[in-house]
file input-v4.txt (compact mmCIF, C-alpha atoms (C1' of nucleotides))
# COMPACT_ATOMS: atom_id res chain seq x y z
CA MET A 1 -30.90 -50.31 -37.10
CA ALA A 2 -28.94 -52.09 -34.37
CA ARG A 3 -27.08 -55.18 -35.47
CA ALA A 4 -27.77 -58.58 -34.06
CA GLY A 5 -24.14 -59.63 -33.89
CA LEU A 6 -24.52 -62.78 -35.93
CA THR A 7 -21.60 -65.13 -36.25
CA THR A 8 -21.24 -68.52 -37.80
CA GLU A 9 -20.35 -69.71 -34.32
CA ARG A 10 -23.43 -68.28 -32.68
CA LEU A 11 -25.69 -69.55 -35.43
CA VAL A 12 -24.31 -73.05 -35.15
CA ARG A 13 -24.65 -73.06 -31.38
CA ALA A 14 -28.22 -71.85 -31.67
CA GLY A 15 -28.85 -74.57 -34.24
CA ALA A 16 -27.49 -77.17 -31.85
CA GLU A 17 -29.76 -75.96 -29.05
CA LEU A 18 -32.67 -76.01 -31.43
CA ALA A 19 -31.79 -79.55 -32.43
CA ASP A 20 -31.92 -80.67 -28.82
CA GLU A 21 -35.26 -78.98 -28.35
CA VAL A 22 -37.14 -79.98 -31.49
CA GLY A 23 -35.03 -82.60 -33.23
CA PHE A 24 -32.17 -82.34 -35.65
CA ASP A 25 -34.22 -82.59 -38.80
CA GLN A 26 -36.50 -79.80 -37.63
CA VAL A 27 -33.49 -77.52 -37.59
CA THR A 28 -34.02 -75.03 -40.32
CA VAL A 29 -32.34 -71.83 -41.43
CA SER A 30 -35.62 -70.04 -40.88
CA ALA A 31 -35.99 -71.32 -37.33
CA VAL A 32 -32.49 -70.17 -36.43
CA ALA A 33 -33.21 -66.76 -37.96
CA ARG A 34 -36.36 -66.47 -35.85
CA ARG A 35 -34.35 -67.25 -32.76
CA PHE A 36 -32.16 -64.22 -33.45
CA ASP A 37 -35.13 -62.12 -34.53
CA VAL A 38 -33.52 -61.54 -37.86
CA LYS A 39 -34.56 -62.06 -41.48
CA VAL A 40 -33.69 -65.39 -43.03
CA ALA A 41 -31.57 -63.96 -45.81
CA SER A 42 -29.24 -62.44 -43.25
CA LEU A 43 -27.91 -65.85 -42.32
CA TYR A 44 -26.60 -66.47 -45.78
CA SER A 45 -23.58 -64.25 -45.17
CA HIS A 46 -22.54 -66.62 -42.41
CA LEU A 47 -23.69 -69.94 -43.83
CA ARG A 48 -23.36 -71.26 -47.34
CA ASN A 49 -26.72 -72.96 -47.16
CA SER A 50 -28.97 -75.16 -45.12
CA GLN A 51 -26.74 -78.19 -45.58
CA ASP A 52 -23.77 -76.17 -44.37
CA LEU A 53 -25.62 -75.37 -41.14
CA LYS A 54 -26.35 -79.02 -40.49
CA THR A 55 -22.82 -80.08 -41.25
CA ARG A 56 -21.46 -77.50 -38.82
CA ILE A 57 -23.80 -78.66 -36.10
CA ALA A 58 -22.60 -82.20 -36.74
CA LEU A 59 -18.98 -81.09 -36.39
CA LEU A 60 -19.77 -79.28 -33.16
CA ALA A 61 -21.44 -82.35 -31.72
CA LEU A 62 -18.56 -84.62 -32.71
CA ALA A 63 -16.09 -82.24 -31.11
CA GLU A 64 -18.07 -82.03 -27.88
CA LEU A 65 -18.36 -85.78 -27.73
CA ALA A 66 -14.66 -86.25 -28.38
CA ASP A 67 -13.77 -83.73 -25.67
CA ARG A 68 -15.92 -85.46 -23.09
CA ALA A 69 -14.65 -88.87 -24.08
CA ALA A 70 -11.05 -87.71 -23.85
CA GLU A 71 -11.58 -86.32 -20.40
CA ALA A 72 -13.38 -89.43 -19.21
CA LEU A 73 -10.66 -91.70 -20.53
CA ALA A 74 -7.76 -89.86 -18.96
CA GLY A 75 -6.08 -92.04 -16.37
CA ARG A 76 -8.30 -95.05 -16.95
CA SER A 77 -7.66 -98.35 -18.66
CA GLY A 78 -9.25 -101.72 -19.26
CA LYS A 79 -12.82 -102.20 -18.19
CA ASP A 80 -12.68 -98.93 -16.33
CA ALA A 81 -11.96 -97.09 -19.56
CA LEU A 82 -14.57 -99.07 -21.44
CA GLY A 83 -17.22 -98.16 -18.89
CA ALA A 84 -16.24 -94.51 -18.77
CA PHE A 85 -16.35 -94.14 -22.50
CA ALA A 86 -19.68 -95.91 -22.75
CA HIS A 87 -21.09 -93.75 -20.01
CA VAL A 88 -20.08 -90.55 -21.74
CA TYR A 89 -21.46 -91.73 -25.01
CA ARG A 90 -24.85 -92.72 -23.66
CA ASP A 91 -25.11 -89.68 -21.44
CA TYR A 92 -24.39 -87.32 -24.25
CA ALA A 93 -27.04 -88.92 -26.44
CA ARG A 94 -29.61 -88.70 -23.66
CA ALA A 95 -28.78 -85.15 -22.63
CA HIS A 96 -28.43 -83.89 -26.20
CA PRO A 97 -30.55 -86.02 -28.51
CA GLY A 98 -30.52 -83.46 -31.29
CA ARG A 99 -26.77 -83.01 -31.18
CA TYR A 100 -26.34 -86.76 -31.06
CA ALA A 101 -28.51 -87.15 -34.15
CA ALA A 102 -26.38 -84.45 -35.74
CA ALA A 103 -23.23 -86.40 -34.93
CA ARG A 104 -24.70 -89.27 -36.97
CA HIS A 105 -25.33 -86.96 -39.90
CA PRO A 106 -23.48 -88.29 -42.98
CA LEU A 107 -20.42 -86.25 -43.86
CA ASP A 108 -18.52 -86.41 -47.10
CA ALA A 109 -15.15 -88.13 -46.88
CA GLU A 110 -12.92 -85.06 -46.53
CA THR A 111 -15.16 -83.34 -44.01
CA ALA A 112 -15.25 -86.54 -41.98
CA ALA A 113 -11.49 -86.85 -42.18
CA GLY A 114 -11.10 -83.38 -40.71
CA SER A 115 -13.72 -83.89 -38.02
CA ALA A 116 -13.46 -84.91 -34.39
CA GLY A 117 -14.81 -88.26 -35.53
CA VAL A 118 -11.27 -89.47 -36.08
CA ARG A 119 -10.41 -88.43 -32.53
CA ILE A 120 -13.30 -90.52 -31.28
CA ALA A 121 -12.04 -93.47 -33.30
CA GLN A 122 -8.58 -93.00 -31.80
CA LEU A 123 -10.02 -92.91 -28.32
CA THR A 124 -11.95 -96.08 -29.00
CA ARG A 125 -8.73 -97.70 -30.09
CA ALA A 126 -7.02 -96.43 -26.98
CA ILE A 127 -9.48 -98.33 -24.84
CA LEU A 128 -8.25 -101.51 -26.45
CA ARG A 129 -4.71 -100.89 -25.26
CA GLY A 130 -5.87 -102.36 -21.99
CA TYR A 131 -6.69 -105.60 -23.76
CA ASP A 132 -4.42 -108.02 -25.51
CA LEU A 133 -5.44 -107.57 -29.13
CA THR A 134 -3.23 -107.26 -32.17
CA GLU A 135 -4.06 -106.25 -35.71
CA PRO A 136 -6.31 -106.95 -37.50
CA ASP A 137 -8.37 -108.03 -34.50
CA GLN A 138 -7.90 -104.68 -32.87
CA THR A 139 -9.58 -102.98 -35.81
CA HIS A 140 -12.42 -105.49 -35.77
CA ALA A 141 -12.88 -104.76 -32.08
CA VAL A 142 -12.86 -101.01 -32.68
CA ARG A 143 -15.63 -101.50 -35.19
CA LEU A 144 -17.55 -103.74 -32.84
CA LEU A 145 -17.39 -101.21 -30.03
CA GLY A 146 -18.42 -98.40 -32.33
CA SER A 147 -21.34 -100.46 -33.56
CA VAL A 148 -22.55 -101.45 -30.11
CA PHE A 149 -22.32 -97.95 -28.67
CA HIS A 150 -23.95 -96.31 -31.62
CA GLY A 151 -26.48 -99.07 -32.14
CA TYR A 152 -27.56 -99.29 -28.53
CA VAL A 153 -27.86 -95.57 -27.99
CA SER A 154 -29.66 -95.14 -31.25
CA LEU A 155 -32.20 -97.90 -30.54
CA GLU A 156 -32.67 -96.61 -27.04
CA THR A 157 -33.24 -93.06 -28.24
CA ALA A 158 -35.80 -94.35 -30.73
CA GLY A 159 -37.64 -95.85 -27.79
CA GLY A 160 -36.74 -99.41 -28.59
CA PHE A 161 -36.15 -100.53 -25.02
CA SER A 162 -38.63 -98.47 -23.10
CA HIS A 163 -41.61 -99.95 -21.32
CA SER A 164 -40.06 -103.40 -21.18
CA ALA A 165 -38.19 -105.24 -18.48
CA PRO A 166 -35.36 -105.38 -17.62
CA ASP A 167 -34.71 -101.68 -17.75
CA SER A 168 -32.28 -100.18 -20.16
CA GLN A 169 -29.67 -99.23 -17.60
CA GLU A 170 -29.36 -102.83 -16.48
CA SER A 171 -28.94 -104.11 -20.03
CA TRP A 172 -26.34 -101.46 -20.69
CA THR A 173 -24.33 -102.52 -17.64
CA ARG A 174 -24.53 -106.20 -18.47
CA ILE A 175 -23.64 -105.57 -22.10
CA LEU A 176 -20.52 -103.75 -20.97
CA ASP A 177 -19.66 -106.72 -18.75
CA ALA A 178 -20.13 -108.97 -21.74
CA LEU A 179 -17.98 -106.81 -24.01
CA ASP A 180 -15.22 -106.69 -21.42
CA SER A 181 -15.33 -110.45 -21.17
CA LEU A 182 -15.28 -110.76 -24.95
CA LEU A 183 -12.30 -108.45 -25.32
CA ARG A 184 -10.38 -110.43 -22.70
CA ASN A 185 -11.21 -113.68 -24.52
CA TRP A 186 -11.22 -112.66 -28.13
CA PRO A 187 -11.59 -115.85 -30.22
CA ALA A 188 -8.78 -116.87 -32.54
CA GLN A 189 -9.47 -117.20 -36.25
CA PRO A 190 -11.46 -120.45 -36.51
CA MET B 1 -59.28 -87.52 -68.31
CA ALA B 2 -57.97 -91.05 -67.78
CA ARG B 3 -57.30 -92.02 -64.18
CA ALA B 4 -53.91 -92.94 -62.90
CA GLY B 5 -55.06 -95.78 -60.66
CA LEU B 6 -53.51 -94.49 -57.50
CA THR B 7 -53.57 -96.62 -54.39
CA THR B 8 -52.03 -96.22 -51.00
CA GLU B 9 -50.15 -99.44 -51.76
CA ARG B 10 -48.76 -98.20 -55.05
CA LEU B 11 -47.82 -94.84 -53.60
CA VAL B 12 -45.95 -96.45 -50.73
CA ARG B 13 -44.11 -98.84 -53.03
CA ALA B 14 -43.14 -95.96 -55.28
CA GLY B 15 -41.97 -94.06 -52.23
CA ALA B 16 -39.83 -97.00 -51.19
CA GLU B 17 -38.23 -97.20 -54.63
CA LEU B 18 -37.63 -93.49 -54.53
CA ALA B 19 -36.01 -93.85 -51.13
CA ASP B 20 -33.57 -96.41 -52.48
CA GLU B 21 -32.74 -94.17 -55.40
CA VAL B 22 -32.35 -90.78 -53.75
CA GLY B 23 -32.39 -91.37 -50.01
CA PHE B 24 -35.22 -91.68 -47.54
CA ASP B 25 -35.27 -88.08 -46.47
CA GLN B 26 -35.52 -86.94 -50.07
CA VAL B 27 -38.79 -88.82 -50.33
CA THR B 28 -41.47 -86.24 -50.68
CA VAL B 29 -45.15 -86.28 -51.53
CA SER B 30 -44.35 -84.09 -54.50
CA ALA B 31 -41.70 -86.46 -55.82
CA VAL B 32 -44.05 -89.42 -55.61
CA ALA B 33 -46.75 -87.43 -57.41
CA ARG B 34 -44.29 -86.60 -60.17
CA ARG B 35 -43.47 -90.27 -60.52
CA PHE B 36 -47.13 -90.97 -61.28
CA ASP B 37 -47.46 -87.85 -63.41
CA VAL B 38 -50.21 -86.63 -61.21
CA LYS B 39 -50.85 -83.46 -59.24
CA VAL B 40 -49.68 -83.41 -55.65
CA ALA B 41 -53.08 -82.80 -54.11
CA SER B 42 -54.34 -86.05 -55.62
CA LEU B 43 -52.22 -88.05 -53.21
CA TYR B 44 -54.01 -86.66 -50.22
CA SER B 45 -57.00 -88.92 -50.80
CA HIS B 46 -54.70 -91.88 -50.25
CA LEU B 47 -52.30 -90.50 -47.65
CA ARG B 48 -53.07 -88.47 -44.58
CA ASN B 49 -49.94 -86.39 -44.96
CA SER B 50 -46.26 -86.47 -45.61
CA GLN B 51 -45.49 -88.13 -42.29
CA ASP B 52 -48.02 -90.82 -43.07
CA LEU B 53 -46.19 -91.66 -46.28
CA LYS B 54 -42.90 -92.02 -44.47
CA THR B 55 -44.40 -94.13 -41.73
CA ARG B 56 -45.94 -96.47 -44.29
CA ILE B 57 -42.62 -96.84 -46.09
CA ALA B 58 -41.05 -97.67 -42.75
CA LEU B 59 -43.65 -100.34 -42.10
CA LEU B 60 -43.12 -101.81 -45.55
CA ALA B 61 -39.38 -102.00 -44.99
CA LEU B 62 -39.76 -103.63 -41.58
CA ALA B 63 -42.13 -106.21 -43.03
CA GLU B 64 -39.77 -107.03 -45.90
CA LEU B 65 -36.87 -107.35 -43.52
CA ALA B 66 -38.85 -109.59 -41.17
CA ASP B 67 -39.93 -111.82 -44.08
CA ARG B 68 -36.40 -112.29 -45.29
CA ALA B 69 -35.10 -112.92 -41.81
CA ALA B 70 -37.80 -115.49 -41.13
CA GLU B 71 -36.98 -117.34 -44.32
CA ALA B 72 -33.25 -117.26 -43.64
CA LEU B 73 -33.70 -118.54 -40.12
CA ALA B 74 -35.92 -121.48 -40.99
CA GLY B 75 -34.13 -124.71 -40.22
CA ARG B 76 -31.04 -123.08 -38.80
CA SER B 77 -29.78 -122.73 -35.28
CA GLY B 78 -26.79 -121.58 -33.27
CA LYS B 79 -24.02 -119.85 -35.13
CA ASP B 80 -25.61 -120.85 -38.40
CA ALA B 81 -28.72 -118.92 -37.53
CA LEU B 82 -26.72 -115.98 -36.24
CA GLY B 83 -24.78 -115.77 -39.48
CA ALA B 84 -27.87 -116.13 -41.66
CA PHE B 85 -29.72 -113.40 -39.82
CA ALA B 86 -26.76 -111.08 -39.94
CA HIS B 87 -26.31 -111.74 -43.63
CA VAL B 88 -29.92 -110.88 -44.41
CA TYR B 89 -29.73 -107.76 -42.34
CA ARG B 90 -26.59 -106.41 -43.93
CA ASP B 91 -27.63 -107.43 -47.42
CA TYR B 92 -30.95 -105.71 -47.12
CA ALA B 93 -29.30 -102.51 -45.97
CA ARG B 94 -26.83 -102.58 -48.85
CA ALA B 95 -29.39 -103.48 -51.51
CA HIS B 96 -32.04 -101.08 -50.20
CA PRO B 97 -30.36 -98.23 -48.36
CA GLY B 98 -33.42 -96.01 -48.53
CA ARG B 99 -35.75 -98.69 -47.23
CA TYR B 100 -33.25 -99.52 -44.52
CA ALA B 101 -33.14 -95.89 -43.46
CA ALA B 102 -36.92 -95.97 -43.46
CA ALA B 103 -36.89 -98.99 -41.17
CA ARG B 104 -34.94 -96.86 -38.68
CA HIS B 105 -37.53 -94.10 -38.86
CA PRO B 106 -38.92 -93.42 -35.36
CA LEU B 107 -42.44 -94.73 -34.90
CA ASP B 108 -44.77 -93.84 -32.09
CA ALA B 109 -45.30 -96.58 -29.54
CA GLU B 110 -48.55 -98.04 -30.86
CA THR B 111 -47.46 -98.00 -34.49
CA ALA B 112 -44.25 -99.72 -33.48
CA ALA B 113 -46.17 -102.29 -31.48
CA GLY B 114 -48.21 -103.18 -34.54
CA SER B 115 -45.25 -103.26 -36.90
CA ALA B 116 -43.09 -106.11 -38.14
CA GLY B 117 -40.46 -104.76 -35.79
CA VAL B 118 -41.79 -107.02 -33.06
CA ARG B 119 -41.45 -109.99 -35.43
CA ILE B 120 -37.82 -109.04 -35.96
CA ALA B 121 -37.29 -108.89 -32.23
CA GLN B 122 -38.89 -112.32 -31.85
CA LEU B 123 -36.64 -113.73 -34.54
CA THR B 124 -33.62 -112.26 -32.82
CA ARG B 125 -34.72 -113.98 -29.64
CA ALA B 126 -35.19 -117.21 -31.56
CA ILE B 127 -31.53 -117.14 -32.54
CA LEU B 128 -30.67 -117.29 -28.88
CA ARG B 129 -32.51 -120.57 -28.43
CA GLY B 130 -29.36 -122.18 -29.79
CA TYR B 131 -27.40 -120.75 -26.88
CA ASP B 132 -27.69 -121.40 -23.22
CA LEU B 133 -29.06 -118.14 -21.90
CA THR B 134 -31.83 -117.55 -19.42
CA GLU B 135 -33.65 -114.41 -18.46
CA PRO B 136 -32.74 -111.65 -17.96
CA ASP B 137 -29.51 -112.37 -19.82
CA GLN B 138 -31.44 -113.46 -22.87
CA THR B 139 -33.03 -110.02 -23.11
CA HIS B 140 -29.67 -108.34 -22.64
CA ALA B 141 -28.33 -110.48 -25.46
CA VAL B 142 -31.26 -109.65 -27.72
CA ARG B 143 -30.51 -105.99 -27.17
CA LEU B 144 -26.83 -106.51 -27.79
CA LEU B 145 -27.46 -108.29 -31.08
CA GLY B 146 -29.92 -105.63 -32.18
CA SER B 147 -27.40 -102.95 -31.34
CA VAL B 148 -24.53 -104.59 -33.16
CA PHE B 149 -26.50 -105.35 -36.30
CA HIS B 150 -28.07 -101.97 -36.48
CA GLY B 151 -24.97 -100.13 -35.41
CA TYR B 152 -22.61 -101.89 -37.75
CA VAL B 153 -24.82 -101.63 -40.79
CA SER B 154 -25.60 -98.04 -40.03
CA LEU B 155 -21.96 -97.04 -39.63
CA GLU B 156 -21.05 -98.98 -42.74
CA THR B 157 -23.79 -97.32 -44.76
CA ALA B 158 -22.57 -93.95 -43.59
CA GLY B 159 -19.19 -94.83 -45.06
CA GLY B 160 -17.49 -95.33 -41.73
CA PHE B 161 -15.46 -98.37 -42.70
CA SER B 162 -14.72 -97.70 -46.32
CA HIS B 163 -11.25 -96.97 -47.58
CA SER B 164 -9.57 -98.55 -44.61
CA ALA B 165 -8.09 -101.98 -44.03
CA PRO B 166 -9.17 -104.60 -43.18
CA ASP B 167 -12.22 -104.55 -45.41
CA SER B 168 -15.68 -104.44 -44.00
CA GLN B 169 -16.66 -107.97 -44.96
CA GLU B 170 -13.77 -109.36 -42.96
CA SER B 171 -14.67 -107.36 -39.88
CA TRP B 172 -18.27 -108.44 -40.20
CA THR B 173 -17.27 -112.10 -40.30
CA ARG B 174 -14.93 -111.80 -37.36
CA ILE B 175 -17.44 -109.85 -35.33
CA LEU B 176 -19.94 -112.66 -35.86
CA ASP B 177 -17.33 -115.14 -34.69
CA ALA B 178 -16.80 -112.99 -31.63
CA LEU B 179 -20.51 -112.71 -30.89
CA ASP B 180 -20.95 -116.44 -31.24
CA SER B 181 -18.11 -116.96 -28.81
CA LEU B 182 -19.58 -114.43 -26.42
CA LEU B 183 -23.02 -116.03 -26.49
CA ARG B 184 -21.50 -119.42 -25.75
CA ASN B 185 -19.54 -117.94 -22.84
CA TRP B 186 -21.85 -115.30 -21.48
CA PRO B 187 -20.30 -113.97 -18.27
CA ALA B 188 -22.12 -114.45 -14.99
CA GLN B 189 -23.14 -111.42 -12.99
CA PRO B 190 -19.84 -110.18 -11.45
C1' DC C 1 -79.92 -94.90 -67.61
C1' DC C 2 -79.44 -92.06 -63.95
C1' DA C 3 -77.68 -91.29 -59.05
C1' DT C 4 -73.96 -91.86 -56.27
C1' DT C 5 -69.41 -92.53 -55.18
C1' DT C 6 -64.70 -92.11 -56.25
C1' DG C 7 -60.58 -90.07 -58.26
C1' DC C 8 -58.07 -86.50 -59.80
C1' DC C 9 -57.92 -81.51 -60.69
C1' DT C 10 -57.49 -76.28 -59.90
C1' DA C 11 -56.83 -72.76 -56.53
C1' DA C 12 -54.80 -70.88 -52.72
C1' DA C 13 -52.44 -70.14 -48.23
C1' DA C 14 -48.45 -71.10 -45.47
C1' DC C 15 -43.78 -72.25 -44.95
C1' DC C 16 -38.82 -73.10 -46.37
C1' DC C 17 -34.52 -72.17 -49.38
C1' DT C 18 -31.69 -69.23 -51.98
C1' DT C 19 -29.89 -65.33 -54.77
C1' DA C 20 -29.44 -60.37 -55.97
C1' DG C 21 -28.89 -55.95 -54.88
C1' DG C 22 -29.34 -51.89 -51.48
C1' DA C 23 -28.69 -49.10 -47.24
C1' DA C 24 -26.95 -48.37 -42.82
C1' DA C 25 -23.56 -49.43 -39.31
C1' DA C 26 -18.89 -50.46 -38.08
C1' DT C 27 -14.07 -50.17 -39.15
C1' DG C 28 -9.75 -48.36 -40.42
C1' DC C 29 -6.68 -45.40 -42.40
C1' DA C 30 -5.03 -40.75 -43.57
C1' DT D 1 -11.53 -36.24 -37.09
C1' DG D 2 -13.30 -37.37 -41.70
C1' DC D 3 -13.98 -40.25 -45.39
C1' DA D 4 -13.61 -44.64 -47.95
C1' DT D 5 -14.25 -49.36 -47.36
C1' DT D 6 -16.07 -53.36 -45.53
C1' DT D 7 -19.46 -55.78 -43.06
C1' DT D 8 -24.04 -56.66 -41.68
C1' DC D 9 -28.53 -56.92 -42.26
C1' DC D 10 -32.61 -55.78 -45.17
C1' DT D 11 -36.14 -55.89 -49.08
C1' DA D 12 -37.52 -58.20 -53.10
C1' DA D 13 -38.38 -62.07 -55.71
C1' DG D 14 -38.41 -66.85 -57.73
C1' DG D 15 -39.01 -71.57 -56.83
C1' DG D 16 -40.16 -75.78 -54.09
C1' DT D 17 -43.06 -78.56 -50.58
C1' DT D 18 -47.28 -79.25 -47.64
C1' DT D 19 -51.99 -79.16 -46.93
C1' DT D 20 -56.98 -77.88 -47.31
C1' DA D 21 -61.22 -76.72 -49.93
C1' DG D 22 -64.12 -77.22 -53.48
C1' DG D 23 -65.29 -78.87 -58.42
C1' DC D 24 -65.82 -81.80 -62.54
C1' DA D 25 -65.60 -86.10 -64.75
C1' DA D 26 -65.12 -91.03 -64.70
C1' DA D 27 -66.49 -95.37 -62.68
C1' DT D 28 -70.09 -98.07 -60.30
C1' DG D 29 -74.38 -100.11 -59.46
C1' DG D 30 -79.16 -100.48 -58.92

call {"tool": "encode", "arguments": {"input": "input-v4.txt", "output": "structure tokens"}}
result
Amino acid sequence: MARAGLTTERLVRAGAELADEVGFDQVTVSAVARRFDVKVASLYSHLRNSQDLKTRIALLALAELADRAAEALAGRSGKDALGAFAHVYRDYARAHPGRYAAARHPLDAETAAGSAGVRIAQLTRAILRGYDLTEPDQTHAVRLLGSVFHGYVSLETAGGFSHSAPDSQESWTRILDALDSLLRNWPAQP
Amino acid sequence: MARAGLTTERLVRAGAELADEVGFDQVTVSAVARRFDVKVASLYSHLRNSQDLKTRIALLALAELADRAAEALAGRSGKDALGAFAHVYRDYARAHPGRYAAARHPLDAETAAGSAGVRIAQLTRAILRGYDLTEPDQTHAVRLLGSVFHGYVSLETAGGFSHSAPDSQESWTRILDALDSLLRNWPAQP
DNA sequence: CCATTTGCCTAAAACCCTTAGGAAAATGCA
DNA sequence: TGCATTTTCCTAAGGGTTTTAGGCAAATGG
């Protein structure tokens, strides 16, 4: 019987595609097996279990996002960098909703520490080099940016802003203007 | 055989408690049935299906959140209102992580339109009455606040800010200061 | 007090997860 | 090349969740 050539890599990539097509929480070991026309049990030599598959998809998504962000940020600073990063983030979520959901999948502390998530955090911090913030305000700002990007994209993906004026793109642009303004005029401790 | 006294209401409340204890996506029709010491099939006279259960838990959570927000906002305005709303939001998520996750559960358009989610959006808009914003900036600001609150709480719940200085409470406070400042100095269209 | 409605049950089919053990294909070393 | 080893995929099987169909007994109400 000819072999299918399964690999952890290929399985994870297939899982990521599946996530984009049917949603991250519809990604199942069985569905991936079907996609390779292979029996379910066969996947268990390449994956520890169902949770392992999801974690790996999450790591893939984080790495892809970090790569794109890094490329977008190269050679930019200040508002330019802020806009580029935001654009990548939102675009990725819209083009790959399943992968984006995967990237939000909770990871245990050590897995998270070894993930591309830390690279994303570093890139976020790098954006702030174009603004005049010192610790601890820089960290607060990193957290604010992370919250806005994640929050906005997540609400938008859930359909929160559809079918209502003004359209989402306009809000996104104006919110970035506002954040830029805020970072340039960060309030002192009251 | 004595009856268990099942009700859609009771099932949904039990599901919400279960969500807080073991996580929203571990909430299962079977688990709720076990909690009432009843056979699974019995629940299907009170719930259409598994998705129905989750949707109802989501609606319950949204309603609870809206109630608390409304109470917190009564008699407050400006930064006071902003802080009160934010406090309720974050507190609810920390005290009821499963319900909070449920509140983020995607709803189809009509269900969402009939949910307490619109009340929450109205309350968010009410906060902005204390600031000098006109349309469409007011809508942009509503979306920004929604994004920050949801994003921050969601990242925090996922463990994003734990084990790193400064602590999360401090960032939360300073981010609210920053938002207040931003709303008072909302930038004009460039 | 009996008829009807309601509530919970048993049964069963379909799907997913996971482990154990086997057979064939690929690999590698003599 | 030939044979032992490893790898890959399979069958088998146990256990869990979802959902529908049909039945009996408890509550309700005229």

call {"tool": "residues_around", "arguments": {"input": "input-v4.txt", "residues": "range 12-21 of chain C", "least_positions_apart": "6", "cutoff": "12 Å", "atoms": "only C-alpha atoms (C1' of nucleotides)", "output": "ChimeraX atom specification"}}
result
/A:26-31,33,40-45,47-51 /D:10-22

call {"tool": "residues_around", "arguments": {"input": "input-v4.txt", "residues": "Arg90 in chain A", "least_positions_apart": "4", "cutoff": "7 Å", "atoms": "only C-alpha atoms (C1' of nucleotides)", "output": "PyMOL selection string"}}
result
chain A and resi 86+94+153

call {"tool": "residues_around", "arguments": {"input": "input-v4.txt", "residues": "Glu17 in chain B", "least_positions_apart": "3", "cutoff": "8 Å", "atoms": "all atoms listed in the file", "output": "ChimeraX atom specification"}}
result
/B:13-14,20-21,98-99

call {"tool": "axis_aligned_box", "arguments": {"input": "input-v4.txt", "around": "range 12-23 of chain C", "padding_each_side": "5 Å", "output": "JSON"}}
result
{"center_x": -41.7, "center_y": -61.1, "center_z": -50.5, "size_x": 36.1, "size_y": 34.0, "size_z": 21.0}

call {"tool": "atom_distance", "arguments": {"input": "input-v4.txt", "atom1": "CA of Ala102 in chain A", "atom2": "CA of Phe24 in chain A"}}
result
6.2 Å

call {"tool": "residues_around", "arguments": {"input": "input-v4.txt", "residues": "range 72-81 of chain B", "least_positions_apart": "5", "cutoff": "8 Å", "atoms": "all atoms listed in the file", "output": "list in words"}}
result
Val88, Leu123, Ile127, Leu128, Arg129, Gly130, Tyr131 and Asp180 of chain B

call {"tool": "atom_distance", "arguments": {"input": "input-v4.txt", "atom1": "CA of Ala116 in chain A", "atom2": "CA of Tyr152 in chain B"}}
result
19.6 Å

call {"tool": "closest_residue", "arguments": {"input": "input-v4.txt", "among": "B:Gly15, B:Val142, B:Phe161, B:Ser147", "to": "Val118 in chain A", "atoms": "all atoms listed in the file"}}
result
B:Phe161

call {"tool": "atom_distance", "arguments": {"input": "input-v4.txt", "atom1": "CA of Arg35 in chain A", "atom2": "CA of Ile57 in chain A"}}
result
15.9 Å

call {"tool": "residues_around", "arguments": {"input": "input-v4.txt", "residues": "DA26 in chain C", "least_positions_apart": "5", "cutoff": "12 Å", "atoms": "only C-alpha atoms (C1' of nucleotides)", "output": "list in words"}}
result
Ala2, Arg3 and Gly5 of chain A; DT5, DT6, DT7 and DT8 of chain D

call {"tool": "interface_residues", "arguments": {"input": "input-v4.txt", "of": "chain B", "to": "chain A", "cutoff": "6 Å", "atoms": "only C-alpha atoms", "output": "PyMOL selection string"}}
result
chain B and resi 106+140+147-148+150-152+158+171+182

call {"tool": "build_atoms", "arguments": {"input": "input-v4.txt", "residues": "range 128-133 of chain A", "atoms": "N, CA, C and O atoms", "output": "PDB file, in the frame of the given file"}}
result
ATOM      1  N   LEU A 128      -8.685-100.136 -26.201  1.00  0.00           N
ATOM      2  CA  LEU A 128      -8.250-101.510 -26.450  1.00  0.00           C
ATOM      3  C   LEU A 128      -6.812-101.764 -26.040  1.00  0.00           C
ATOM      4  O   LEU A 128      -6.366-102.910 -26.003  1.00  0.00           O
ATOM      5  N   ARG A 129      -6.075-100.692 -25.721  1.00  0.00           N
ATOM      6  CA  ARG A 129      -4.710-100.890 -25.260  1.00  0.00           C
ATOM      7  C   ARG A 129      -4.684-101.692 -23.966  1.00  0.00           C
ATOM      8  O   ARG A 129      -3.706-102.368 -23.665  1.00  0.00           O
ATOM      9  N   GLY A 130      -5.787-101.604 -23.227  1.00  0.00           N
ATOM     10  CA  GLY A 130      -5.870-102.360 -21.990  1.00  0.00           C
ATOM     11  C   GLY A 130      -6.171-103.831 -22.208  1.00  0.00           C
ATOM     12  O   GLY A 130      -6.227-104.598 -21.243  1.00  0.00           O
ATOM     13  N   TYR A 131      -6.398-104.198 -23.450  1.00  0.00           N
ATOM     14  CA  TYR A 131      -6.690-105.600 -23.760  1.00  0.00           C
ATOM     15  C   TYR A 131      -5.604-106.129 -24.681  1.00  0.00           C
ATOM     16  O   TYR A 131      -4.888-105.377 -25.311  1.00  0.00           O
ATOM     17  N   ASP A 132      -5.541-107.426 -24.782  1.00  0.00           N
ATOM     18  CA  ASP A 132      -4.420-108.020 -25.510  1.00  0.00           C
ATOM     19  C   ASP A 132      -4.790-108.360 -26.943  1.00  0.00           C
ATOM     20  O   ASP A 132      -4.857-109.532 -27.312  1.00  0.00           O
ATOM     21  N   LEU A 133      -5.019-107.329 -27.747  1.00  0.00           N
ATOM     22  CA  LEU A 133      -5.440-107.570 -29.130  1.00  0.00           C
ATOM     23  C   LEU A 133      -4.414-107.002 -30.099  1.00  0.00           C
ATOM     24  O   LEU A 133      -3.914-105.894 -29.912  1.00  0.00           O
TER      25      LEU A 133
END
